[in-house]
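upload11.txt (compact mmCIF, C-alpha atoms and all ligand atoms)
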# COMPACT_ATOMS: atom_id res chain seq x y z
CA MET A 1 96.90 148.78 91.43
CA LEU A 2 96.61 148.06 95.14
CA GLY A 3 94.54 150.32 97.35
CA ARG A 4 96.17 151.86 100.38
CA ARG A 5 94.35 149.58 102.76
CA ALA A 6 95.36 146.46 100.88
CA LEU A 7 98.94 147.63 100.70
CA ALA A 8 98.99 148.38 104.42
CA SER A 9 97.66 144.96 105.33
CA LEU A 10 100.18 143.32 103.01
CA VAL A 11 103.03 145.19 104.69
CA LEU A 12 101.70 144.36 108.13
CA GLY A 13 101.29 140.76 107.07
CA LEU A 14 104.87 140.54 105.90
CA ALA A 15 106.12 142.17 109.08
CA ALA A 16 104.26 139.58 111.11
CA LEU A 17 106.18 136.74 109.44
CA PRO A 18 109.25 135.62 111.32
CA ALA A 19 112.57 136.37 109.69
CA PRO A 20 113.60 133.53 107.34
CA ARG A 21 116.67 132.71 109.45
CA GLU A 22 114.52 132.07 112.44
CA VAL A 23 112.20 129.82 110.44
CA LEU A 24 115.19 127.78 109.35
CA ALA A 25 116.72 127.29 112.77
CA ALA A 26 114.00 125.85 114.94
CA VAL A 27 112.03 122.80 115.78
CA THR A 28 108.50 124.03 115.08
CA GLY A 29 106.33 121.03 115.79
CA ALA A 30 106.26 118.00 118.06
CA THR A 31 103.51 115.43 118.59
CA LEU A 32 103.41 112.12 120.39
CA GLN A 33 100.73 109.54 119.71
CA GLY A 34 100.04 105.93 120.63
CA VAL A 35 100.34 103.35 117.83
CA GLY A 36 99.26 99.89 118.98
CA PRO A 37 101.47 99.03 121.94
CA GLY A 38 104.05 101.61 120.83
CA ALA A 39 104.34 105.34 120.28
CA ARG A 40 105.08 107.65 117.37
CA LEU A 41 106.95 110.91 117.80
CA THR A 42 106.66 113.34 114.90
CA ILE A 43 108.94 116.36 114.81
CA THR A 44 108.92 119.29 112.39
CA LEU A 45 112.42 120.57 111.83
CA PRO A 46 114.40 122.23 109.02
CA ALA A 47 115.08 119.85 106.13
CA GLY A 48 118.51 118.29 106.50
CA ALA A 49 118.89 119.30 110.16
CA SER A 50 121.05 116.96 112.23
CA TRP A 51 119.41 114.96 114.97
CA ARG A 52 120.35 112.16 117.29
CA LEU A 53 118.22 109.89 119.47
CA ILE A 54 120.02 108.69 122.57
CA ALA A 55 119.04 105.95 125.03
CA ALA A 56 119.88 106.48 128.71
CA ARG A 57 119.20 104.61 131.93
CA ARG A 58 118.32 105.23 135.57
CA PRO A 59 115.61 106.12 134.84
CA ASN A 60 115.04 104.66 131.36
CA ARG A 61 114.68 107.59 128.99
CA LEU A 62 115.42 108.80 125.48
CA LEU A 63 116.91 112.13 124.53
CA LEU A 64 116.37 113.72 121.16
CA GLU A 65 119.11 116.19 120.25
CA VAL A 66 118.64 118.63 117.39
CA PRO A 67 121.90 120.62 117.57
CA GLY A 68 121.77 124.27 116.65
CA GLN A 69 117.97 124.39 116.58
CA ALA A 70 115.87 126.43 118.94
CA TRP A 71 112.90 124.55 120.32
CA ARG A 72 109.74 126.41 119.33
CA ALA A 73 107.32 123.49 119.46
CA ALA A 74 105.29 122.42 122.47
CA THR A 75 107.75 122.00 125.32
CA SER A 76 105.86 119.23 127.03
CA LEU A 77 103.94 116.32 125.52
CA ARG A 78 101.42 113.99 127.06
CA GLY A 79 102.57 110.34 127.26
CA ALA A 80 101.63 107.57 124.80
CA GLY A 81 102.42 103.85 124.78
CA PRO A 82 105.70 103.16 126.58
CA VAL A 83 106.49 106.90 126.76
CA ARG A 84 105.27 108.34 130.05
CA GLY A 85 105.69 111.91 128.90
CA ALA A 86 108.13 114.20 127.10
CA ARG A 87 109.49 117.66 127.77
CA VAL A 88 112.18 119.97 126.54
CA GLU A 89 115.07 120.09 128.95
CA ARG A 90 118.41 121.80 128.34
CA GLY A 91 117.63 122.19 124.65
CA ARG A 92 116.82 118.50 124.13
CA LEU A 93 113.55 116.63 124.10
CA ARG A 94 113.52 114.18 126.98
CA LEU A 95 111.17 111.18 126.73
CA ASP A 96 110.60 109.38 130.01
CA LEU A 97 109.82 105.70 129.54
CA SER A 98 107.53 103.43 131.53
CA ALA A 99 109.21 100.37 129.94
CA PRO A 100 112.29 99.65 127.82
CA VAL A 101 111.74 100.37 124.14
CA ALA A 102 113.16 99.33 120.78
CA LEU A 103 113.33 101.48 117.69
CA GLN A 104 110.81 100.48 115.07
CA ARG A 105 111.42 103.30 112.59
CA ALA A 106 113.34 106.57 112.40
CA GLU A 107 112.81 108.38 109.18
CA ALA A 108 113.51 111.97 108.23
CA SER A 109 111.86 113.16 105.07
CA GLY A 110 111.76 116.85 104.16
CA THR A 111 110.92 118.75 107.31
CA ARG A 112 109.41 115.79 109.11
CA LEU A 113 111.17 113.36 111.39
CA VAL A 114 109.14 110.34 112.45
CA ILE A 115 110.36 108.10 115.24
CA GLU A 116 108.40 104.97 116.14
CA LEU A 117 109.08 103.13 119.36
CA VAL A 118 107.78 99.74 120.46
CA PRO A 119 108.15 97.91 123.79
CA GLY A 120 111.54 96.21 123.75
CA SER A 121 113.67 93.91 125.86
CA ALA A 122 115.26 95.29 129.02
CA ALA A 123 118.56 93.59 128.20
CA ALA A 124 118.85 95.10 124.72
CA PHE A 125 117.92 98.56 126.00
CA ALA A 126 120.43 98.35 128.84
CA ARG A 127 123.15 97.24 126.41
CA LEU A 128 122.41 100.14 124.08
CA ALA A 129 122.25 102.71 126.88
CA GLY A 130 125.43 101.33 128.41
CA GLY A 131 127.26 101.51 125.06
CA SER A 132 127.23 104.40 122.58
CA GLY A 133 123.68 105.24 123.56
CA THR A 134 122.91 106.27 119.99
CA MET A 135 119.68 104.67 118.90
CA ALA A 136 119.42 106.54 115.61
CA GLN A 137 120.71 109.69 113.98
CA GLY A 138 120.45 111.59 110.74
CA GLY A 139 120.83 114.87 108.91
CA ALA A 140 123.77 116.73 107.42
CA GLN A 141 126.23 115.92 110.19
CA ALA A 142 125.60 112.21 109.77
CA ALA A 143 127.77 112.65 106.65
CA GLY A 144 125.21 111.41 104.20
CA ARG A 145 124.34 108.33 106.18
CA THR A 146 120.62 108.08 106.53
CA ALA A 147 118.76 107.14 109.65
CA ARG A 148 117.92 103.84 108.00
CA ALA A 149 121.55 102.88 107.55
CA GLU A 150 122.15 103.67 111.20
CA SER A 151 119.51 101.32 112.41
CA LEU A 152 119.71 97.55 112.49
CA PRO A 153 118.20 95.34 109.77
CA LEU A 154 114.55 94.53 110.27
CA VAL A 155 113.35 90.93 110.54
CA VAL A 156 109.60 90.44 110.16
CA LEU A 157 108.13 87.44 111.96
CA ASP A 158 104.82 86.20 110.63
CA PRO A 159 102.88 83.84 112.91
CA GLY A 160 100.44 82.10 110.55
CA HIS A 161 96.64 82.23 110.77
CA GLY A 162 94.90 84.00 113.68
CA GLY A 163 91.43 85.22 114.60
CA ARG A 164 88.70 83.38 112.73
CA ASP A 165 91.32 81.21 111.00
CA PRO A 166 92.66 78.70 113.56
CA GLY A 167 94.97 76.94 111.06
CA ALA A 168 95.52 73.23 111.63
CA ILE A 169 93.96 71.59 114.67
CA GLY A 170 95.67 68.60 116.27
CA ARG A 171 93.97 65.49 117.63
CA ALA A 172 94.37 66.84 121.15
CA GLY A 173 92.69 70.06 120.02
CA THR A 174 95.86 72.16 119.70
CA GLN A 175 95.25 75.15 117.44
CA GLU A 176 98.04 76.08 115.05
CA LYS A 177 97.33 79.83 115.42
CA ARG A 178 98.14 79.70 119.16
CA ILE A 179 101.27 77.53 118.88
CA VAL A 180 102.81 79.67 116.14
CA LEU A 181 102.09 82.93 117.97
CA ALA A 182 103.72 81.60 121.15
CA ALA A 183 106.77 80.45 119.19
CA ALA A 184 107.05 83.74 117.28
CA LEU A 185 106.90 85.78 120.49
CA GLN A 186 109.61 83.56 121.93
CA LEU A 187 111.74 84.02 118.81
CA LYS A 188 111.21 87.79 119.02
CA ARG A 189 112.65 87.76 122.55
CA VAL A 190 115.63 85.69 121.40
CA LEU A 191 116.37 88.11 118.55
CA GLU A 192 115.93 91.24 120.64
CA ALA A 193 118.25 89.87 123.30
CA GLY A 194 120.80 89.28 120.51
CA GLY A 195 120.67 92.97 119.59
CA ARG A 196 121.67 92.29 115.97
CA CYS A 197 118.37 93.14 114.31
CA ARG A 198 115.08 94.87 114.85
CA VAL A 199 111.98 92.71 114.93
CA ALA A 200 108.42 93.39 113.84
CA MET A 201 105.50 90.96 113.81
CA THR A 202 102.61 90.82 111.34
CA ARG A 203 100.42 89.97 114.31
CA GLY A 204 101.19 90.04 118.02
CA ASN A 205 97.84 88.75 119.16
CA ASP A 206 94.98 86.53 118.04
CA ARG A 207 93.70 88.36 114.99
CA PHE A 208 93.14 87.57 111.34
CA VAL A 209 95.62 89.11 108.92
CA PRO A 210 95.09 88.58 105.17
CA LEU A 211 98.04 86.94 103.40
CA GLY A 212 98.61 89.93 101.09
CA ASP A 213 98.79 92.26 104.08
CA ARG A 214 101.50 90.13 105.67
CA VAL A 215 103.63 90.47 102.55
CA GLU A 216 102.89 94.19 102.27
CA PHE A 217 103.76 94.68 105.94
CA ALA A 218 107.29 93.45 105.28
CA ARG A 219 107.70 95.28 101.96
CA ARG A 220 106.50 98.62 103.30
CA ARG A 221 109.08 98.45 106.06
CA GLN A 222 111.80 97.32 103.65
CA ALA A 223 112.42 94.29 105.82
CA ALA A 224 115.71 92.46 105.41
CA LEU A 225 114.03 89.10 106.00
CA PHE A 226 110.53 87.62 106.34
CA VAL A 227 109.98 84.46 108.37
CA SER A 228 106.52 82.90 108.37
CA ILE A 229 105.91 80.38 111.15
CA HIS A 230 103.48 77.47 110.90
CA ALA A 231 102.66 74.01 112.24
CA ASP A 232 100.24 72.68 109.66
CA SER A 233 98.76 69.29 109.02
CA ALA A 234 100.10 66.84 106.43
CA PRO A 235 98.97 63.23 106.82
CA GLY A 236 101.88 60.89 107.51
CA ALA A 237 104.45 63.69 107.79
CA ARG A 238 106.49 64.40 110.89
CA GLY A 239 109.27 66.82 111.84
CA ALA A 240 110.29 70.37 111.01
CA SER A 241 110.76 71.69 107.48
CA VAL A 242 111.26 74.97 105.62
CA TYR A 243 109.77 76.26 102.38
CA THR A 244 110.85 78.82 99.85
CA LEU A 245 108.90 80.12 96.87
CA GLY A 246 109.00 78.04 93.72
CA GLU A 247 107.27 75.39 91.70
CA SER A 248 106.05 72.78 94.15
CA SER A 249 108.96 70.44 94.73
CA ASP A 250 106.64 67.57 95.73
CA SER A 251 103.00 66.81 96.41
CA LEU A 252 103.28 67.46 100.16
CA ALA A 253 104.69 70.96 99.59
CA GLY A 254 102.09 71.65 96.90
CA ALA A 255 99.22 70.56 99.14
CA LEU A 256 100.49 72.66 102.04
CA ALA A 257 100.74 75.77 99.86
CA ARG A 258 97.28 75.21 98.34
CA ARG A 259 95.71 74.85 101.76
CA GLU A 260 97.56 77.88 103.18
CA ASN A 261 96.63 80.06 100.22
CA LEU A 262 92.96 79.29 100.80
CA ALA A 263 93.21 81.14 104.11
CA ASP A 264 92.77 84.28 102.12
CA ARG A 265 90.83 84.02 98.90
CA ALA A 266 89.88 87.68 99.02
CA GLY A 267 93.24 89.16 99.97
CA GLY A 268 95.20 88.87 96.76
CA LEU A 269 98.70 90.15 96.26
CA ARG A 270 99.33 93.73 95.32
CA LEU A 271 102.60 93.77 93.52
CA PRO A 272 103.59 97.05 91.93
CA ALA A 273 102.50 97.54 88.34
CA VAL A 274 105.49 96.71 86.16
CA PRO A 275 104.82 98.10 82.72
CA PRO A 276 107.96 98.65 80.61
CA GLU A 277 110.62 96.13 79.72
CA VAL A 278 113.37 97.83 81.69
CA GLN A 279 111.40 97.63 84.89
CA ALA A 280 110.71 93.98 84.17
CA ILE A 281 114.42 93.31 83.83
CA LEU A 282 115.23 95.19 87.04
CA MET A 283 112.47 93.29 88.76
CA SER A 284 113.82 89.96 87.63
CA LEU A 285 117.25 90.91 88.99
CA VAL A 286 115.67 91.83 92.31
CA ARG A 287 113.72 88.58 92.33
CA ALA A 288 116.84 86.56 91.59
CA GLU A 289 118.66 88.18 94.50
CA THR A 290 115.66 87.63 96.74
CA ARG A 291 115.53 83.97 95.70
CA THR A 292 119.21 83.54 96.54
CA GLY A 293 118.70 85.16 99.94
CA SER A 294 115.67 82.98 100.65
CA ALA A 295 117.48 79.77 99.71
CA LEU A 296 120.44 80.73 101.90
CA MET A 297 118.10 81.34 104.82
CA ALA A 298 116.40 77.97 104.24
CA ARG A 299 119.82 76.26 104.44
CA HIS A 300 120.56 77.97 107.76
CA VAL A 301 117.14 76.97 109.12
CA VAL A 302 117.63 73.33 108.14
CA SER A 303 121.09 73.11 109.65
CA GLU A 304 120.20 74.89 112.92
CA LEU A 305 116.83 73.19 113.49
CA GLY A 306 118.42 69.87 112.55
CA GLU A 307 120.73 70.20 115.55
CA ASP A 308 117.86 70.22 118.00
CA VAL A 309 114.62 68.76 116.67
CA PRO A 310 113.45 65.92 114.38
CA MET A 311 113.28 67.01 110.75
CA LEU A 312 111.09 65.96 107.85
CA ASN A 313 113.07 64.19 105.13
CA ASN A 314 114.09 66.65 102.38
CA ALA A 315 113.62 69.39 104.93
CA HIS A 316 113.95 72.26 102.41
CA ARG A 317 111.13 72.23 99.90
CA GLN A 318 109.59 74.67 97.44
CA ALA A 319 106.01 75.67 96.89
CA GLY A 320 103.87 78.59 95.78
CA PHE A 321 102.94 79.97 99.19
CA MET A 322 101.28 83.38 98.74
CA VAL A 323 103.00 84.67 101.81
CA LEU A 324 106.44 84.10 100.24
CA LYS A 325 105.73 86.20 97.16
CA ALA A 326 107.40 89.50 98.05
CA PRO A 327 109.68 90.13 95.07
CA ASP A 328 112.16 92.12 97.14
CA VAL A 329 112.19 90.57 100.63
CA PRO A 330 113.93 87.21 101.15
CA SER A 331 111.23 85.00 102.65
CA VAL A 332 110.94 81.54 104.16
CA LEU A 333 108.10 79.60 105.74
CA VAL A 334 109.04 77.35 108.64
CA GLU A 335 106.82 74.40 109.51
CA MET A 336 107.93 73.70 113.09
CA GLY A 337 106.28 70.30 112.86
CA PHE A 338 102.87 68.94 111.92
CA LEU A 339 99.90 69.13 114.27
CA SER A 340 98.47 66.16 112.36
CA ASP A 341 101.23 64.02 113.90
CA PRO A 342 100.49 63.13 117.55
CA GLN A 343 104.18 63.19 118.55
CA ASP A 344 104.77 66.57 116.89
CA GLU A 345 101.57 67.89 118.46
CA ALA A 346 102.64 66.76 121.94
CA ALA A 347 106.06 68.39 121.47
CA LEU A 348 104.67 71.65 120.09
CA ARG A 349 102.36 72.01 123.07
CA ARG A 350 105.42 72.17 125.35
CA ALA A 351 106.94 75.59 126.05
CA ASP A 352 110.46 74.12 126.37
CA HIS A 353 110.19 72.55 122.91
CA ARG A 354 109.00 75.85 121.43
CA ALA A 355 111.87 77.64 123.19
CA LYS A 356 114.29 75.16 121.61
CA LEU A 357 112.78 75.87 118.18
CA ALA A 358 112.97 79.62 118.81
CA ARG A 359 116.65 79.43 119.79
CA ALA A 360 117.45 77.39 116.68
CA MET A 361 115.54 79.79 114.42
CA GLY A 362 117.32 82.67 116.18
CA ARG A 363 120.71 81.11 115.38
CA ALA A 364 119.66 80.65 111.75
CA ILE A 365 118.58 84.30 111.47
CA HIS A 366 121.80 85.52 113.07
CA ALA A 367 123.87 83.36 110.72
CA TRP A 368 121.90 84.68 107.75
CA LEU A 369 122.32 88.30 108.86
CA ALA A 370 126.06 87.83 109.34
CA GLN A 371 126.47 86.25 105.91
CA GLY A 372 124.23 88.84 104.25
CA ARG A 373 126.32 91.65 105.70
CA ALA A 374 129.52 90.08 104.48
CA THR A 375 127.99 89.91 100.98
CA ALA A 376 126.80 93.52 101.21
CA ALA A 377 130.30 94.59 102.23
CA VAL A 378 131.79 92.95 99.14
CA PHE A 379 129.33 94.56 96.75
CA GLY A 380 128.74 97.83 98.61
ZN ZN A 401 99.69 77.15 108.74
So, in terms of structure tokens, how does the structure I just supplied come out?
Ligand SMILES: [Zn+2]
Amino acid sequence: MLGRRALASLVLGLAALPAPREVLAAVTGATLQGVGPGARLTITLPAGASWRLIAARRPNRLLLEVPGQAWRAATSLRGAGPVRGARVERGRLRLDLSAPVALQRAEASGTRLVIELVPGSAAAFARLAGGSGTMAQGGAQAAGRTARAESLPLVVLDPGHGGRDPGAIGRAGTQEKRIVLAAALQLKRVLEAGGRCRVAMTRGNDRFVPLGDRVEFARRRQAALFVSIHADSAPGARGASVYTLGESSDSLAGALARRENLADRAGGLRLPAVPPEVQAILMSLVRAETRTGSALMARHVVSELGEDVPMLNNAHRQAGFMVLKAPDVPSVLVEMGFLSDPQDEAALRRADHRAKLARAMGRAIHAWLAQGRATAAVFG
């Protein structure tokens, strides 16, 4: 039996709680933090609540609408990354931007909505703000469509090597890690200007990333496509080529994969544990679909690059590159040329040649996305 004092404090305690209705109809938390060059906004809101993130210009800003919800969280937030600051204004959260942004992730799960923004191209932002303005939305009013479905497919670009691993080094001293990073950044700009996909990079600067982490990076984000970019050395070989996962199709491909895989003896690949037979069957179906997607992408790369730059003979080859081993993300590895070949090295050192390669790879990715969507429409 409760004593009087205990009972009184229990009653007082209950009285101090807000009425359930109020708890259900409010945004109760908001934080903004820097994540690398970007920013992460985390909102606490009732599970299933509708929300919409809108891009607007003059000045560049984002507006987060949470219709029907009172705003009980902090009403102004200190800036982070490309967000100069945020405040509640006319019932919406207004994020003022110091630079155009692209959406990296918008995910509502339970009572938490996480929005990640990264620096983006001015052209793509202007196009979005000038059009529907809707960057992402979710919740009950989105009629079952999730935030993920609203956002564009994600393409992960993977510039090889980095940091203490320079990759191949040409006779003129050109380091593969620098060439591939420059080309990947160029390709990122091409894709962002196209506005047909989101882009993330496994590295955006000169740092070492283990091979397993590159694969995991793409899998964790449920990337639609993974494109690893290299310019290795292969004695006697010249021209661009593309590789998909498989038994080595020839000794050149096998040697390339062996050398690449050495970049990361410690990393290892962490595939999910697949115990029972059913999971194994499902996995093999997923792998088959991934293989088909990868091969299709390789065909697009060969045909688009072939328009503009010299190609290696048999330009699509197979090998056991670690970095291509995601079971569920179509993956290709593009060798833009070989730094061991003086002519390739001279070309790869030139920004205009890398821009040409980036445009061709951009066309291949766009063609692949268009075809993939057509397939999804048939089966979905
Ligand atoms: Zn390489």
Near-ligand residues for ligand ZN 401 (chain A), threshold 12 Å, all atoms listed in the file, as number ranges by chain: A: 158-162, 165-169, 175-181, 211, 228-234, 243, 255-264, 321-323, 333-340
Residue subset to file, keeping C-alpha atoms, as a CSV table (one decimal), keeping the file's coordinate frame:
chain,number,residue,atom,x,y,z
A,158,ASP,CA,104.8,86.2,110.6
A,159,PRO,CA,102.9,83.8,112.9
A,160,GLY,CA,100.4,82.1,110.6
A,161,HIS,CA,96.6,82.2,110.8
A,162,GLY,CA,94.9,84.0,113.7
A,165,ASP,CA,91.3,81.2,111.0
A,166,PRO,CA,92.7,78.7,113.6
A,167,GLY,CA,95.0,76.9,111.1
A,168,ALA,CA,95.5,73.2,111.6
A,169,ILE,CA,94.0,71.6,114.7
A,175,GLN,CA,95.2,75.2,117.4
A,176,GLU,CA,98.0,76.1,115.0
A,177,LYS,CA,97.3,79.8,115.4
A,178,ARG,CA,98.1,79.7,119.2
A,179,ILE,CA,101.3,77.5,118.9
A,180,VAL,CA,102.8,79.7,116.1
A,181,LEU,CA,102.1,82.9,118.0
A,211,LEU,CA,98.0,86.9,103.4
A,228,SER,CA,106.5,82.9,108.4
A,229,ILE,CA,105.9,80.4,111.2
A,230,HIS,CA,103.5,77.5,110.9
A,231,ALA,CA,102.7,74.0,112.2
A,232,ASP,CA,100.2,72.7,109.7
A,233,SER,CA,98.8,69.3,109.0
A,234,ALA,CA,100.1,66.8,106.4
A,243,TYR,CA,109.8,76.3,102.4
A,255,ALA,CA,99.2,70.6,99.1
A,256,LEU,CA,100.5,72.7,102.0
A,257,ALA,CA,100.7,75.8,99.9
A,258,ARG,CA,97.3,75.2,98.3
A,259,ARG,CA,95.7,74.8,101.8
A,260,GLU,CA,97.6,77.9,103.2
A,261,ASN,CA,96.6,80.1,100.2
A,262,LEU,CA,93.0,79.3,100.8
A,263,ALA,CA,93.2,81.1,104.1
A,264,ASP,CA,92.8,84.3,102.1
A,321,PHE,CA,102.9,80.0,99.2
A,322,MET,CA,101.3,83.4,98.7
A,323,VAL,CA,103.0,84.7,101.8
A,333,LEU,CA,108.1,79.6,105.7
A,334,VAL,CA,109.0,77.4,108.6
A,335,GLU,CA,106.8,74.4,109.5
A,336,MET,CA,107.9,73.7,113.1
A,337,GLY,CA,106.3,70.3,112.9
A,338,PHE,CA,102.9,68.9,111.9
A,339,LEU,CA,99.9,69.1,114.3
A,340,SER,CA,98.5,66.2,112.4
Shell of 6 Å around Gly239 (chain A), all atoms listed in the file, local chain residues under 5 positions omitted, as an mmCIF file with C-alpha atoms, in the coordinates of the input:
data_model
loop_
_atom_site.group_PDB
_atom_site.id
_atom_site.type_symbol
_atom_site.label_atom_id
_atom_site.label_comp_id
_atom_site.auth_asym_id
_atom_site.auth_seq_id
_atom_site.Cartn_x
_atom_site.Cartn_y
_atom_site.Cartn_z
ATOM 1 C CA PRO A 310 113.450 65.920 114.380
ATOM 2 C CA MET A 311 113.280 67.010 110.750
ATOM 3 C CA LEU A 312 111.090 65.960 107.850
ATOM 4 C CA GLY A 337 106.280 70.300 112.860
#
Nearest residue to Leu369 (chain A) from the set A:Leu154, A:Ala240, A:Ala193, A:Ala319 (distances using only C-alpha atoms):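 The shortest atom-to-atom distance to Leu369 (chain A) comes from A:Leu154.
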Counting all atoms listed in the file, the residue of A:His300, A:Lys325, A:Lys356, A:Arg164 that sits nearest Thr244 (chain A):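 The shortest atom-to-atom distance to Thr244 (chain A) comes from A:Lys325.
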Tell me which of A:Arg84, A:Arg221, A:Arg171, A:Arg196 sits closest to Ala370 (chain A), counting only C-alpha atoms.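 Closest to Ala370 (chain A) of all the choices is A:Arg196.
Picture a line from CA of Ala351 (chain A) to CA of Met297 (chain A); it runs 24.7 Å.
Of note, CA of Arg94 (chain A) and CA of Leu62 (chain A) are spaced 5.9 Å apart.
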Pick from A:Val114, A:Leu285, A:Leu103, A:Ala73: nearest to Thr42 (chain A), with only C-alpha atoms counted? A:Val114
Could you check the closest approach to Gly133 (chain A) for each of A:Asn313, A:Asn205, A:Gln69, A:Asn60 and tell me which residue wins, using only C-alpha atoms?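 Using only C-alpha atoms, Gly133 (chain A) sits closest to A:Asn60.
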Residues within 8 Å of Pro330 (chain A), please, as a VMD selection string. Count all atoms listed in the file; anything in the same chain fewer than 4 positions from it doesn't count. chain A and resid 224 to 226 290 to 294 326
